[in-house]
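Text of my_file_14.cif, listed as mmCIF, C-alpha atoms and all ligand atoms:
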```
data_entry
#
loop_
_atom_site.label_atom_id
_atom_site.label_comp_id
_atom_site.auth_asym_id
_atom_site.auth_seq_id
_atom_site.Cartn_x
_atom_site.Cartn_y
_atom_site.Cartn_z
CA MET A 1 -149.20 48.34 -13.20
CA LYS A 2 -147.25 51.59 -13.64
CA ALA A 3 -143.49 51.31 -14.14
CA ALA A 4 -141.38 53.08 -11.52
CA ILE A 5 -138.23 52.35 -13.52
CA GLN A 6 -137.89 51.72 -17.22
CA LEU A 7 -134.62 50.89 -18.99
CA ASN A 8 -134.68 50.54 -22.76
CA GLY A 9 -131.66 49.08 -24.56
CA VAL A 10 -129.29 50.67 -22.05
CA SER A 11 -125.53 50.24 -22.48
CA LYS A 12 -122.61 51.84 -20.69
CA VAL A 13 -119.12 51.66 -22.13
CA TYR A 14 -116.04 52.77 -20.16
CA LYS A 15 -113.15 53.07 -22.63
CA GLU A 16 -112.86 49.42 -23.81
CA LYS A 17 -115.12 47.92 -21.15
CA LYS A 18 -118.83 47.33 -21.75
CA ALA A 19 -120.08 47.54 -18.16
CA VAL A 20 -123.77 47.32 -19.13
CA ASP A 21 -124.79 45.72 -22.39
CA ASP A 22 -128.20 46.43 -23.96
CA LEU A 23 -130.27 46.12 -20.81
CA THR A 24 -134.05 46.37 -21.07
CA LEU A 25 -135.90 46.22 -17.79
CA SER A 26 -139.15 47.49 -16.36
CA ILE A 27 -139.77 47.62 -12.61
CA ALA A 28 -143.36 48.06 -11.47
CA GLU A 29 -144.26 50.48 -8.68
CA GLY A 30 -144.47 48.83 -5.27
CA THR A 31 -142.11 45.92 -5.96
CA VAL A 32 -138.91 44.90 -4.20
CA VAL A 33 -136.32 43.92 -6.79
CA ALA A 34 -132.94 42.41 -6.01
CA LEU A 35 -130.23 42.94 -8.60
CA LEU A 36 -127.77 40.08 -8.34
CA GLY A 37 -124.57 39.29 -10.17
CA PRO A 38 -120.92 38.48 -9.52
CA ASN A 39 -118.32 41.23 -8.90
CA GLY A 40 -118.06 43.52 -11.89
CA ALA A 41 -121.36 42.31 -13.41
CA GLY A 42 -122.62 45.87 -13.85
CA LYS A 43 -125.01 46.27 -10.91
CA THR A 44 -123.60 49.52 -9.51
CA THR A 45 -123.28 51.00 -13.01
CA THR A 46 -126.92 50.14 -13.70
CA VAL A 47 -128.08 51.73 -10.45
CA SER A 48 -126.01 54.84 -11.06
CA MET A 49 -127.57 55.28 -14.51
CA ILE A 50 -131.07 54.87 -13.08
CA LEU A 51 -130.15 57.55 -10.56
CA GLY A 52 -128.90 59.89 -13.30
CA MET A 53 -125.37 59.90 -11.86
CA HIS A 54 -124.00 58.40 -15.08
CA GLN A 55 -125.34 58.90 -18.58
CA PRO A 56 -125.91 55.73 -20.65
CA THR A 57 -123.71 55.43 -23.74
CA LYS A 58 -126.83 54.13 -25.51
CA GLY A 59 -130.51 53.67 -24.66
CA THR A 60 -132.91 55.47 -22.35
CA VAL A 61 -133.67 55.45 -18.63
CA LYS A 62 -136.92 56.64 -17.11
CA LEU A 63 -137.45 57.02 -13.40
CA LEU A 64 -141.01 57.62 -12.17
CA GLY A 65 -141.91 58.38 -15.76
CA GLY A 66 -139.38 61.21 -16.08
CA ASP A 67 -135.71 62.07 -16.40
CA PRO A 68 -133.69 60.86 -13.38
CA ARG A 69 -131.99 64.29 -13.22
CA ASP A 70 -135.27 66.21 -13.00
CA GLN A 71 -135.58 67.77 -9.52
CA ARG A 72 -139.24 66.69 -9.19
CA VAL A 73 -138.13 63.10 -9.74
CA ARG A 74 -135.09 63.44 -7.45
CA ASP A 75 -137.31 64.64 -4.61
CA ARG A 76 -139.06 61.26 -4.63
CA ILE A 77 -135.89 59.12 -4.64
CA GLY A 78 -133.74 57.85 -1.78
CA ALA A 79 -130.41 56.12 -2.29
CA MET A 80 -128.06 54.31 0.01
CA LEU A 81 -124.87 53.86 -2.00
CA GLN A 82 -121.68 52.00 -1.14
CA ASP A 83 -119.77 55.06 0.06
CA VAL A 84 -121.52 57.13 2.69
CA SER A 85 -120.00 60.58 2.83
CA VAL A 86 -120.38 61.98 6.32
CA ILE A 87 -120.12 65.69 6.91
CA ASP A 88 -117.29 66.96 9.13
CA GLY A 89 -118.36 68.75 12.30
CA LEU A 90 -121.99 67.53 12.24
CA LYS A 91 -123.49 65.12 14.75
CA VAL A 92 -125.65 62.18 13.68
CA GLY A 93 -128.95 63.89 14.58
CA GLU A 94 -127.83 67.13 12.89
CA THR A 95 -126.78 65.27 9.73
CA ILE A 96 -130.17 63.57 9.50
CA ASP A 97 -131.94 66.89 10.17
CA LEU A 98 -129.93 68.57 7.42
CA PHE A 99 -131.12 65.94 4.95
CA ARG A 100 -134.68 66.20 6.26
CA SER A 101 -134.59 69.95 5.57
CA TYR A 102 -134.19 69.29 1.83
CA TYR A 103 -137.65 67.74 1.62
CA LYS A 104 -141.22 68.98 1.89
CA LYS A 105 -142.52 66.04 3.93
CA PRO A 106 -139.59 64.39 5.69
CA LEU A 107 -139.97 61.42 8.01
CA PRO A 108 -139.60 62.31 11.74
CA LEU A 109 -136.07 62.35 13.17
CA ASP A 110 -137.01 59.90 15.93
CA TYR A 111 -138.34 57.39 13.43
CA LEU A 112 -135.17 57.64 11.32
CA LEU A 113 -132.95 57.19 14.38
CA LYS A 114 -135.01 54.20 15.44
CA VAL A 115 -135.00 52.31 12.12
CA SER A 116 -131.30 52.93 11.62
CA ASN A 117 -130.60 51.76 15.18
CA LEU A 118 -128.73 55.02 15.87
CA LYS A 119 -130.71 56.40 18.83
CA ALA A 120 -127.73 56.01 21.15
CA GLU A 121 -125.42 57.70 18.62
CA LYS A 122 -127.63 60.77 18.03
CA ASN A 123 -125.13 63.17 19.63
CA LYS A 124 -121.97 61.55 18.31
CA PHE A 125 -120.04 63.17 15.48
CA ALA A 126 -120.88 61.33 12.25
CA THR A 127 -117.16 61.02 11.46
CA ALA A 128 -116.69 59.07 14.71
CA LEU A 129 -119.10 56.29 13.69
CA SER A 130 -117.90 52.78 12.90
CA GLY A 131 -118.21 51.45 9.34
CA GLY A 132 -121.43 49.57 10.10
CA GLN A 133 -122.90 52.60 11.91
CA GLN A 134 -122.02 54.84 8.96
CA ARG A 135 -123.95 52.52 6.65
CA ARG A 136 -126.90 52.72 9.01
CA LEU A 137 -126.63 56.51 8.88
CA GLY A 138 -126.65 56.19 5.08
CA PHE A 139 -129.94 54.30 5.42
CA ALA A 140 -131.47 57.02 7.60
CA LEU A 141 -130.39 59.66 5.06
CA ALA A 142 -131.82 57.64 2.16
CA LEU A 143 -135.20 57.49 3.91
CA ALA A 144 -135.20 61.10 5.18
CA GLY A 145 -137.51 62.45 2.46
CA ASP A 146 -139.96 59.51 2.67
CA PRO A 147 -139.06 58.53 -0.92
CA ASP A 148 -141.26 56.54 -3.30
CA VAL A 149 -138.30 54.72 -4.83
CA ILE A 150 -135.42 53.51 -2.67
CA PHE A 151 -132.05 52.22 -3.94
CA LEU A 152 -129.92 50.13 -1.64
CA ASP A 153 -126.48 49.20 -2.96
CA GLU A 154 -125.06 46.33 -0.87
CA PRO A 155 -126.76 47.84 2.14
CA THR A 156 -125.96 45.36 4.89
CA VAL A 157 -122.19 45.08 4.41
CA GLY A 158 -120.58 45.56 7.82
CA MET A 159 -123.87 45.57 9.75
CA ASP A 160 -124.17 43.38 12.84
CA VAL A 161 -126.95 40.79 13.16
CA THR A 162 -129.36 43.01 15.14
CA SER A 163 -128.98 45.99 12.79
CA ARG A 164 -129.36 43.72 9.77
CA GLN A 165 -132.61 42.27 11.10
CA LEU A 166 -134.01 45.71 11.93
CA PHE A 167 -132.87 46.94 8.51
CA TRP A 168 -134.77 44.22 6.61
CA ASP A 169 -137.83 44.64 8.81
CA THR A 170 -137.85 48.33 7.88
CA VAL A 171 -137.38 47.57 4.19
CA LYS A 172 -140.30 45.13 4.34
CA ALA A 173 -142.43 47.76 6.12
CA MET A 174 -141.53 50.30 3.40
CA ALA A 175 -142.53 47.78 0.74
CA GLY A 176 -145.80 47.25 2.62
CA ARG A 177 -146.44 50.99 2.23
CA GLY A 178 -146.19 50.64 -1.55
CA LYS A 179 -142.60 51.88 -2.01
CA THR A 180 -140.49 50.55 -4.87
CA ILE A 181 -137.19 49.14 -3.66
CA VAL A 182 -134.18 48.18 -5.74
CA LEU A 183 -131.32 46.51 -3.93
CA THR A 184 -128.05 44.88 -4.83
CA THR A 185 -126.54 42.30 -2.53
CA HIS A 186 -124.12 39.40 -2.37
CA TYR A 187 -126.12 37.86 0.51
CA LEU A 188 -128.47 35.67 -1.47
CA GLU A 189 -130.51 34.50 1.50
CA GLU A 190 -131.42 38.15 2.13
CA ALA A 191 -132.53 38.64 -1.48
CA ASP A 192 -134.52 35.42 -1.21
CA SER A 193 -136.40 36.52 1.88
CA VAL A 194 -137.12 40.13 0.94
CA ALA A 195 -137.42 40.39 -2.87
CA ASP A 196 -140.56 39.90 -4.98
CA ARG A 197 -138.39 39.69 -8.03
CA ILE A 198 -134.79 38.78 -8.75
CA VAL A 199 -132.87 40.08 -11.74
CA VAL A 200 -129.51 38.43 -12.39
CA ILE A 201 -126.88 40.32 -14.39
CA ASN A 202 -123.64 38.89 -15.74
CA ASN A 203 -121.12 40.75 -17.94
CA GLY A 204 -123.59 43.64 -18.18
CA LYS A 205 -126.36 41.43 -19.61
CA LEU A 206 -129.60 40.24 -18.04
CA ILE A 207 -129.39 36.46 -17.65
CA ALA A 208 -132.42 35.68 -15.43
CA ASP A 209 -135.51 37.47 -14.21
CA GLY A 210 -138.28 36.08 -12.00
CA THR A 211 -139.59 35.52 -8.49
CA PRO A 212 -137.11 33.81 -6.12
CA SER A 213 -138.99 30.51 -6.48
CA GLU A 214 -139.11 30.77 -10.28
CA ILE A 215 -135.35 31.37 -10.41
CA LYS A 216 -134.71 28.44 -8.10
CA ALA A 217 -137.08 26.07 -9.89
CA GLU A 218 -135.77 27.00 -13.34
CA THR A 219 -132.16 26.29 -12.57
CA THR A 220 -131.83 23.74 -9.83
CA GLY A 221 -134.97 21.73 -10.30
CA ARG A 222 -136.51 20.19 -7.23
CA VAL A 223 -135.77 17.28 -5.00
CA ILE A 224 -138.23 14.57 -4.00
CA SER A 225 -137.17 12.47 -1.08
CA PHE A 226 -138.81 9.50 0.65
CA VAL A 227 -138.07 6.42 2.69
CA ALA A 228 -137.97 3.60 0.14
CA GLY A 229 -138.93 -0.05 0.60
CA GLN A 230 -136.27 -2.76 0.18
CA ALA A 231 -137.31 -3.55 -3.41
CA VAL A 232 -136.63 -0.03 -4.70
CA THR A 233 -133.40 0.17 -6.75
CA THR A 234 -131.29 3.04 -8.10
CA GLU A 235 -131.75 1.72 -11.66
CA ALA A 236 -135.54 1.80 -11.39
CA LEU A 237 -135.47 5.36 -10.02
CA LEU A 238 -133.06 6.62 -12.70
CA ALA A 239 -135.48 5.35 -15.37
CA LEU A 240 -138.23 7.70 -14.12
CA PRO A 241 -139.06 10.94 -16.02
CA GLY A 242 -136.71 13.88 -15.42
CA VAL A 243 -134.55 12.16 -12.77
CA THR A 244 -130.98 13.42 -13.05
CA ASP A 245 -129.49 12.00 -9.87
CA VAL A 246 -130.28 9.58 -7.05
CA GLU A 247 -128.74 9.88 -3.58
CA TRP A 248 -129.19 7.43 -0.71
CA SER A 249 -128.89 8.00 3.01
CA GLY A 250 -129.82 4.68 4.65
CA ARG A 251 -133.24 3.86 3.13
CA ARG A 252 -134.06 7.55 2.54
CA VAL A 253 -133.57 8.39 -1.10
CA LYS A 254 -133.31 11.82 -2.76
CA LEU A 255 -134.36 12.16 -6.38
CA TYR A 256 -133.11 15.23 -8.25
CA SER A 257 -135.53 16.02 -11.02
CA THR A 258 -136.20 18.66 -13.68
CA ASP A 259 -139.92 17.77 -13.71
CA THR A 260 -141.22 16.91 -10.26
CA ASP A 261 -144.88 16.94 -11.35
CA ARG A 262 -144.39 14.12 -13.85
CA LEU A 263 -142.08 12.31 -11.48
CA ILE A 264 -144.66 12.16 -8.67
CA VAL A 265 -147.28 10.79 -11.09
CA ALA A 266 -144.81 8.14 -12.31
CA LEU A 267 -143.84 7.15 -8.74
CA VAL A 268 -147.48 6.64 -7.83
CA GLU A 269 -148.44 4.88 -11.08
CA ASN A 270 -145.53 2.47 -10.73
CA ARG A 271 -146.56 1.75 -7.12
CA PHE A 272 -143.15 2.50 -5.63
CA ASP A 273 -142.96 1.57 -1.96
CA MET A 274 -142.62 5.07 -0.38
CA ARG A 275 -143.07 6.62 3.09
CA ASP A 276 -142.51 10.17 4.46
CA ILE A 277 -142.50 11.91 1.09
CA GLU A 278 -140.89 15.39 1.01
CA ILE A 279 -140.51 17.87 -1.85
CA GLN A 280 -137.76 20.47 -1.57
CA SER A 281 -136.63 23.35 -3.77
CA GLY A 282 -132.94 24.04 -4.30
CA GLY A 283 -131.48 27.18 -2.68
CA LEU A 284 -131.00 30.53 -4.39
CA GLU A 285 -127.24 30.19 -3.91
CA ASP A 286 -127.18 27.04 -6.08
CA ALA A 287 -129.44 28.65 -8.67
CA PHE A 288 -127.24 31.73 -8.84
CA GLN A 289 -124.05 29.69 -9.31
CA ALA A 290 -125.71 27.59 -12.01
CA LEU A 291 -126.99 30.66 -13.89
CA VAL A 292 -123.63 32.44 -13.87
CA GLN A 293 -121.81 29.25 -14.96
CA GLN A 294 -124.28 28.67 -17.82
CA ALA A 295 -123.84 32.26 -19.00
CA ASN A 296 -120.01 32.22 -19.01
N1 LIG B 1 -115.62 54.54 -13.72
C1 LIG B 1 -115.27 53.40 -14.32
N2 LIG B 1 -114.27 53.39 -15.25
C2 LIG B 1 -113.91 52.25 -15.89
N3 LIG B 1 -114.49 51.05 -15.67
C3 LIG B 1 -115.47 51.00 -14.76
C4 LIG B 1 -115.91 52.16 -14.04
N4 LIG B 1 -116.92 51.79 -13.20
C5 LIG B 1 -117.08 50.46 -13.39
N5 LIG B 1 -116.23 49.98 -14.31
C6 LIG B 1 -116.15 48.60 -14.80
O1 LIG B 1 -117.43 48.20 -15.22
C7 LIG B 1 -117.73 46.87 -14.83
C8 LIG B 1 -119.01 46.83 -13.99
O2 LIG B 1 -118.75 47.43 -12.72
P1 LIG B 1 -119.86 47.60 -11.58
O3 LIG B 1 -119.23 48.36 -10.48
O4 LIG B 1 -121.09 48.15 -12.19
O5 LIG B 1 -120.11 46.08 -11.16
P2 LIG B 1 -120.90 45.50 -9.90
O6 LIG B 1 -121.78 44.45 -10.47
O7 LIG B 1 -121.53 46.59 -9.14
O8 LIG B 1 -119.72 44.83 -9.07
P3 LIG B 1 -119.53 44.60 -7.46
O9 LIG B 1 -120.38 43.44 -7.12
O10 LIG B 1 -118.07 44.26 -7.40
O11 LIG B 1 -119.89 45.87 -6.77
C9 LIG B 1 -116.49 46.36 -14.11
O12 LIG B 1 -115.69 45.64 -15.02
C10 LIG B 1 -115.78 47.63 -13.69
O13 LIG B 1 -114.40 47.42 -13.62
#
```
Mind turning the file's structure into structure tokens?
Amino acid sequence: MKAAIQLNGVSKVYKEKKAVDDLTLSIAEGTVVALLGPNGAGKTTTVSMILGMHQPTKGTVKLLGGDPRDQRVRDRIGAMLQDVSVIDGLKVGETIDLFRSYYKKPLPLDYLLKVSNLKAEKNKFATALSGGQQRRLGFALALAGDPDVIFLDEPTVGMDVTSRQLFWDTVKAMAGRGKTIVLTTHYLEEADSVADRIVVINNGKLIADGTPSEIKAETTGRVISFVAGQAVTTEALLALPGVTDVEWSGRRVKLYSTDTDRLIVALVENRFDMRDIEIQSGGLEDAFQALVQQAN
């Protein structure tokens, strides 16, 4: 598949601080990628280099096969960054129309008002919008030119529940139309539900890269739980392959394991007395914490 974004050995140094450290990353067209990492990990710096707003100290960045600062590339990019700058004296509808006028094939104004949940605010001055509404305006502006690659930097901060839901529905619909979407977020459940791929950055370095389930399985392992017969003991369970912990709740037991496939085989072979068997994956939140801790 063609790469929409290609970073090769990219570093960014601010005075003493290495904000991004030798990052190599390729993002295929049509994927939704969530860039995760703790505060100061280098997410915003990475996005701003992909967008051509900052020059890497070392390495190369390609966006849609070209230079991010090339106008032909810029015409196909939409970005919703952390600070939305609204224009004094322009109403919401006029602001969106101004952005639409920069592009050859803009999306219709009504559609942009609808997906940003700003229909009722169309004739309000943009400067009079609340913080959450301004972010939604930022979303409408990012989509105005019907871009092929969309960057969303902590997009849902300050959005209420309804706007958030509508926002993610729209992002999913965009992805369904083959758009490439790169987002950063601290809301891991959102990344889990929307992203095809998760890239975790810490101290400017890539520390994990995979689908949400791969990231979860790699770090937290899985849990097998069942209702155990009276003869089943903690000692016997701890002796099984890959079992790292055993937790009881009445007769229901939870086995934490690094290798659930082998564990299931062993449970069956050893004829453990089991009912109501369940297999669960750990959450992305746990995986993220574990990854960052391992890396520090
Ligand atoms: N213009 C700048 N001058 C100096 N240092 C900077 C500058 N921009 C970022 N940094 C530093 O680079 C590092 C990475 O910052 P960046 O904003 O990319 O992190 P982030 O992962 O986006 O964090 P957050 O989750 O808090 O938004 C931080 O240590 C930050 O202090």
Counting all atoms listed in the file, which residues have an atom no more than 8 Å from (-120.1, 54.1, 6.1) in the file's coordinates? Please list them as a PyMOL selection string.
chain A and resi 82-86+129-138
Contacts of A:Ile215 within 12 Å, all atoms listed in the file, excl. fewer than 2 positions in-chain, as a PyMOL selection string
chain A and resi 36+191-192+195-200+207-213+217-222+281-291
Counting all atoms listed in the file, which protein, DNA or RNA residues come within 7 Å of ligand LIG 1 (chain B), given as number ranges by chain?
A: 14-15, 17-19, 37-46, 204
May I have the selected residues written with C-alpha atoms, as a PDB file, in the coordinates of the input?
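After the write, out13.pdb holds the following:
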```
ATOM      1  CA  TYR A  14    -116.040  52.770 -20.160  1.00  0.00           C
ATOM      2  CA  LYS A  15    -113.150  53.070 -22.630  1.00  0.00           C
ATOM      3  CA  LYS A  17    -115.120  47.920 -21.150  1.00  0.00           C
ATOM      4  CA  LYS A  18    -118.830  47.330 -21.750  1.00  0.00           C
ATOM      5  CA  ALA A  19    -120.080  47.540 -18.160  1.00  0.00           C
ATOM      6  CA  GLY A  37    -124.570  39.290 -10.170  1.00  0.00           C
ATOM      7  CA  PRO A  38    -120.920  38.480  -9.520  1.00  0.00           C
ATOM      8  CA  ASN A  39    -118.320  41.230  -8.900  1.00  0.00           C
ATOM      9  CA  GLY A  40    -118.060  43.520 -11.890  1.00  0.00           C
ATOM     10  CA  ALA A  41    -121.360  42.310 -13.410  1.00  0.00           C
ATOM     11  CA  GLY A  42    -122.620  45.870 -13.850  1.00  0.00           C
ATOM     12  CA  LYS A  43    -125.010  46.270 -10.910  1.00  0.00           C
ATOM     13  CA  THR A  44    -123.600  49.520  -9.510  1.00  0.00           C
ATOM     14  CA  THR A  45    -123.280  51.000 -13.010  1.00  0.00           C
ATOM     15  CA  THR A  46    -126.920  50.140 -13.700  1.00  0.00           C
ATOM     16  CA  GLY A 204    -123.590  43.640 -18.180  1.00  0.00           C
TER      17      GLY A 204
END
```
Please provide the set of residues having any atom within 6 Å of stretch 53-70 of chain A, restricted to all atoms listed in the file, with same-chain residues fewer than 5 positions apart removed, written as a PyMOL selection string.
chain A and resi 4-12+48
Near stretch 247-254 of chain A, within 12 Å and counting only C-alpha atoms, which residues show up once chain neighbours fewer than 2 positions away are dropped, as a list of chain:residue names?
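Counting only the stated atoms, we get A:Arg222, A:Val223, A:Ile224, A:Ser225, A:Phe226, A:Val227, A:Ala228, A:Gly229, A:Gln230, A:Ala231, A:Val232, A:Thr233, A:Thr234, A:Glu235, A:Leu237, A:Leu238, A:Val243, A:Thr244, A:Asp245, A:Tyr256, A:Ser257, A:Asp273, A:Met274, A:Arg275, A:Asp276, A:Ile277, A:Glu278, A:Ile279, A:Gln280.
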Determine, counting only C-alpha atoms, which protein, DNA and RNA residues have an atom within 10 Å of an atom of A:Tyr111; residues of the same chain fewer than 5 positions away are not included. Present the result as a CSV table (one decimal) with C-alpha atoms, in the coordinates of the input.
```csv
chain,number,residue,atom,x,y,z
A,116,SER,CA,-131.3,52.9,11.6
A,117,ASN,CA,-130.6,51.8,15.2
A,119,LYS,CA,-130.7,56.4,18.8
A,140,ALA,CA,-131.5,57.0,7.6
A,144,ALA,CA,-135.2,61.1,5.2
```
Got a sec: who's within 7 Å of stretch 262-270 of chain A, counting all atoms listed in the file, leaving out chain neighbours fewer than 6 positions off, as a ChimeraX atom specification?
/A:240-242
In Å, rounded to a single decimal, give me how far atom CA of A:Leu51 is from atom CA of A:Lys104.
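Taking atom CA of A:Lys104 and atom CA of A:Leu51, their separation equals 20.2 Å.
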What separation in Å, quoted to one decimal, exists between atom CA of A:Val292 and atom CA of A:Gly52?
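These two atoms are separated by 28.0 Å.
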Between atom CA of A:Leu35 and atom CA of A:Leu152, what is the spacing in Å?
10.0 Å
Pick from A:Lys124, A:Lys2, A:Lys91, A:Lys179, whichever lies nearest to A:Ile77 using all atoms listed in the file:
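Checking each of A:Lys124, A:Lys2, A:Lys91, A:Lys179 against A:Ile77, counting all atoms listed in the file, the winner is A:Lys179.
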Residue with smallest distance to A:Val20 - pool A:Gln294, A:Asp259, A:Asn203, A:Asp88, counting only C-alpha atoms:
A:Asn203
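Closest approach to A:Arg177 among A:Met80, A:Ala236, A:Ala126, A:Val149 is made by A:Val149 (distances from all atoms listed in the file).
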Of the candidates A:Leu81, A:Ala142, A:Ala120, A:Val246, which shows the shortest atom-to-atom distance to A:Phe99, using all atoms listed in the file?
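So, comparing all the options, the nearest one is A:Ala142.
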Restricting the calculation to only C-alpha atoms: of A:Leu141, A:Ile87, A:Gln71, A:Val13, which residue gets closest to A:Arg100?
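Distance minimum relative to A:Arg100 lands on A:Leu141.
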